[in-house]
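The structure under discussion appears below in the form of structure tokens.
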Amino acid sequence: MKYKGMYFSLMSLFLKKPMIEKFGKNKTEESLKKGRELYKQMIESTEDIGSNNPMAGNIYS
């Protein structure tokens with residue numbers, strides 16, 4: 001699948017504050033940076049189901 005950074009950015013908005021409270025600012029920034037790279041690798045290695053698939057609305061925007 002094609003990687004879109006918007007989804008990770010949106011998800012990280014909700015995760016950042018609780019992570020800072022629990023792990024601290026430095027660890028959170030480091031984890032989110034590594035998480036973005038890992039998320040990109042996972043999405044790019046996922047098989048593309050095609051935009052004509054009826055369930056594609058759940059994945060594609």
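How things are named: the first chain in the structure tokens is A, the next is B, and so on; residues count from 1 in each chain; ligands count from 1 in the order shown.
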
May I have the residues within 10 Å of stretch 32-35 of chain A as JSON, numbers by chain, using only C-alpha atoms and disregarding those fewer than 4 positions away in the same chain?
{"A": [8, 9, 12, 15, 16, 19, 27, 28, 39, 40, 41]}

Export of prior selection with N, CA and C atoms as an mmCIF file, in the first residue's frame:
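Saved result, again35.cif, follows:
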```
data_model
loop_
_atom_site.group_PDB
_atom_site.id
_atom_site.type_symbol
_atom_site.label_atom_id
_atom_site.label_comp_id
_atom_site.auth_asym_id
_atom_site.auth_seq_id
_atom_site.Cartn_x
_atom_site.Cartn_y
_atom_site.Cartn_z
ATOM 1 N N PHE A 8 -0.526 8.516 10.475
ATOM 2 C CA PHE A 8 0.333 8.399 11.649
ATOM 3 C C PHE A 8 0.342 9.706 12.436
ATOM 4 N N SER A 9 0.367 10.828 11.732
ATOM 5 C CA SER A 9 0.351 12.131 12.409
ATOM 6 C C SER A 9 -0.923 12.309 13.226
ATOM 7 N N SER A 12 -0.739 9.991 16.253
ATOM 8 C CA SER A 12 0.229 10.430 17.255
ATOM 9 C C SER A 12 -0.270 11.627 18.070
ATOM 10 N N LEU A 15 -1.827 10.105 21.028
ATOM 11 C CA LEU A 15 -0.915 9.317 21.858
ATOM 12 C C LEU A 15 0.110 10.157 22.605
ATOM 13 N N LYS A 16 0.432 11.318 22.080
ATOM 14 C CA LYS A 16 1.562 12.093 22.586
ATOM 15 C C LYS A 16 1.422 12.502 24.058
ATOM 16 N N MET A 19 1.668 9.590 26.541
ATOM 17 C CA MET A 19 3.027 9.043 26.513
ATOM 18 C C MET A 19 4.002 9.956 27.247
ATOM 19 N N LYS A 27 11.774 10.422 25.713
ATOM 20 C CA LYS A 27 11.445 9.050 25.315
ATOM 21 C C LYS A 27 10.265 9.038 24.343
ATOM 22 N N THR A 28 9.291 9.919 24.557
ATOM 23 C CA THR A 28 8.129 10.000 23.674
ATOM 24 C C THR A 28 8.540 10.439 22.278
ATOM 25 N N TYR A 39 5.928 2.206 11.153
ATOM 26 C CA TYR A 39 4.605 2.264 10.529
ATOM 27 C C TYR A 39 4.735 2.332 9.007
ATOM 28 N N LYS A 40 5.669 3.142 8.529
ATOM 29 C CA LYS A 40 5.877 3.269 7.083
ATOM 30 C C LYS A 40 6.310 1.933 6.486
ATOM 31 N N GLN A 41 7.229 1.228 7.143
ATOM 32 C CA GLN A 41 7.664 -0.084 6.662
ATOM 33 C C GLN A 41 6.504 -1.070 6.639
#
```

Hey, can you check how far atom CA of A:Phe23 sits from atom CA of A:Ser45?
29.6 Å

Rank A:Pro54, A:Gly24, A:Arg36, A:Asp48 by their smallest atom-to-atom distance to A:Met11, using only C-alpha atoms, and report the top residue only.
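Using only C-alpha atoms, A:Met11 sits closest to A:Arg36.
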
Every residue of chain A that DSSP places in alpha helix (DSSP H), as a CSV table (one decimal) with N, CA and C atoms, in the first residue's frame:
```csv
chain,number,residue,atom,x,y,z
A,5,GLY,N,1.5,9.8,5.4
A,5,GLY,CA,1.9,10.2,6.7
A,5,GLY,C,0.8,10.8,7.6
A,6,MET,N,-0.2,11.2,6.9
A,6,MET,CA,-1.3,11.9,7.6
A,6,MET,C,-1.9,11.0,8.7
A,7,TYR,N,-2.1,9.7,8.4
A,7,TYR,CA,-2.7,8.8,9.4
A,7,TYR,C,-1.8,8.7,10.6
A,8,PHE,N,-0.5,8.5,10.5
A,8,PHE,CA,0.3,8.4,11.6
A,8,PHE,C,0.3,9.7,12.4
A,9,SER,N,0.4,10.8,11.7
A,9,SER,CA,0.4,12.1,12.4
A,9,SER,C,-0.9,12.3,13.2
A,10,LEU,N,-2.0,11.9,12.7
A,10,LEU,CA,-3.3,12.0,13.4
A,10,LEU,C,-3.3,11.1,14.6
A,11,MET,N,-2.8,9.9,14.4
A,11,MET,CA,-2.8,8.9,15.5
A,11,MET,C,-1.9,9.4,16.6
A,12,SER,N,-0.7,10.0,16.3
A,12,SER,CA,0.2,10.4,17.3
A,12,SER,C,-0.3,11.6,18.1
A,13,LEU,N,-1.2,12.4,17.5
A,13,LEU,CA,-1.8,13.5,18.3
A,13,LEU,C,-2.5,13.0,19.5
A,14,PHE,N,-3.1,11.9,19.4
A,14,PHE,CA,-3.9,11.3,20.6
A,14,PHE,C,-3.0,10.6,21.5
A,15,LEU,N,-1.8,10.1,21.0
A,15,LEU,CA,-0.9,9.3,21.9
A,15,LEU,C,0.1,10.2,22.6
A,16,LYS,N,0.4,11.3,22.1
A,16,LYS,CA,1.6,12.1,22.6
A,16,LYS,C,1.4,12.5,24.1
A,17,LYS,N,0.3,13.1,24.4
A,17,LYS,CA,0.1,13.6,25.8
A,17,LYS,C,0.2,12.4,26.8
A,18,PRO,N,-0.5,11.3,26.7
A,18,PRO,CA,-0.4,10.3,27.7
A,18,PRO,C,1.0,9.6,27.7
A,19,MET,N,1.7,9.6,26.5
A,19,MET,CA,3.0,9.0,26.5
A,19,MET,C,4.0,10.0,27.2
A,20,ILE,N,3.8,11.3,27.1
A,20,ILE,CA,4.7,12.2,27.8
A,20,ILE,C,4.5,12.1,29.3
A,21,GLU,N,3.3,11.9,29.7
A,21,GLU,CA,3.0,11.8,31.2
A,21,GLU,C,3.6,10.5,31.7
A,22,LYS,N,3.6,9.5,30.9
A,22,LYS,CA,4.1,8.2,31.4
A,22,LYS,C,5.6,8.0,31.3
A,23,PHE,N,6.1,8.4,30.1
A,23,PHE,CA,7.5,8.1,29.8
A,23,PHE,C,8.4,9.3,29.7
A,25,LYS,N,9.2,13.4,28.0
A,25,LYS,CA,9.2,14.0,26.7
A,25,LYS,C,10.3,13.4,25.7
A,26,ASN,N,11.5,13.2,26.2
A,26,ASN,CA,12.5,12.7,25.4
A,26,ASN,C,12.2,11.3,24.8
A,27,LYS,N,11.8,10.4,25.7
A,27,LYS,CA,11.4,9.0,25.3
A,27,LYS,C,10.3,9.0,24.3
A,28,THR,N,9.3,9.9,24.6
A,28,THR,CA,8.1,10.0,23.7
A,28,THR,C,8.5,10.4,22.3
A,29,GLU,N,9.3,11.5,22.2
A,29,GLU,CA,9.8,12.0,20.9
A,29,GLU,C,10.6,10.9,20.1
A,30,GLU,N,11.5,10.2,20.9
A,30,GLU,CA,12.3,9.1,20.3
A,30,GLU,C,11.4,8.0,19.8
A,31,SER,N,10.4,7.6,20.6
A,31,SER,CA,9.5,6.5,20.3
A,31,SER,C,8.6,6.8,19.1
A,32,LEU,N,8.1,8.1,19.0
A,32,LEU,CA,7.2,8.4,17.9
A,32,LEU,C,8.0,8.5,16.6
A,33,LYS,N,9.3,9.0,16.7
A,33,LYS,CA,10.1,9.0,15.5
A,33,LYS,C,10.4,7.6,15.0
A,34,LYS,N,10.7,6.7,15.9
A,34,LYS,CA,11.0,5.3,15.5
A,34,LYS,C,9.6,4.6,15.0
A,35,GLY,N,8.6,5.0,15.7
A,35,GLY,CA,7.2,4.5,15.3
A,35,GLY,C,6.8,4.9,13.9
A,36,ARG,N,7.1,6.1,13.5
A,36,ARG,CA,6.8,6.6,12.2
A,36,ARG,C,7.5,5.7,11.1
A,37,GLU,N,8.8,5.4,11.4
A,37,GLU,CA,9.6,4.6,10.4
A,37,GLU,C,9.0,3.2,10.4
A,38,LEU,N,8.7,2.6,11.5
A,38,LEU,CA,8.1,1.3,11.6
A,38,LEU,C,6.8,1.2,10.9
A,39,TYR,N,5.9,2.2,11.2
A,39,TYR,CA,4.6,2.3,10.5
A,39,TYR,C,4.7,2.3,9.0
A,40,LYS,N,5.7,3.1,8.5
A,40,LYS,CA,5.9,3.3,7.1
A,40,LYS,C,6.3,1.9,6.5
A,41,GLN,N,7.2,1.2,7.1
A,41,GLN,CA,7.7,-0.1,6.7
A,41,GLN,C,6.5,-1.1,6.6
A,42,MET,N,5.7,-1.1,7.7
A,42,MET,CA,4.6,-2.0,7.8
A,42,MET,C,3.5,-1.7,6.6
A,43,ILE,N,3.2,-0.5,6.4
A,43,ILE,CA,2.2,-0.1,5.4
A,43,ILE,C,2.8,-0.4,4.0
A,44,GLU,N,4.0,-0.1,3.7
A,44,GLU,CA,4.6,-0.4,2.4
A,44,GLU,C,4.7,-1.9,2.1
A,45,SER,N,4.8,-2.7,3.2
A,45,SER,CA,4.9,-4.2,3.0
A,45,SER,C,3.6,-4.9,2.9
```
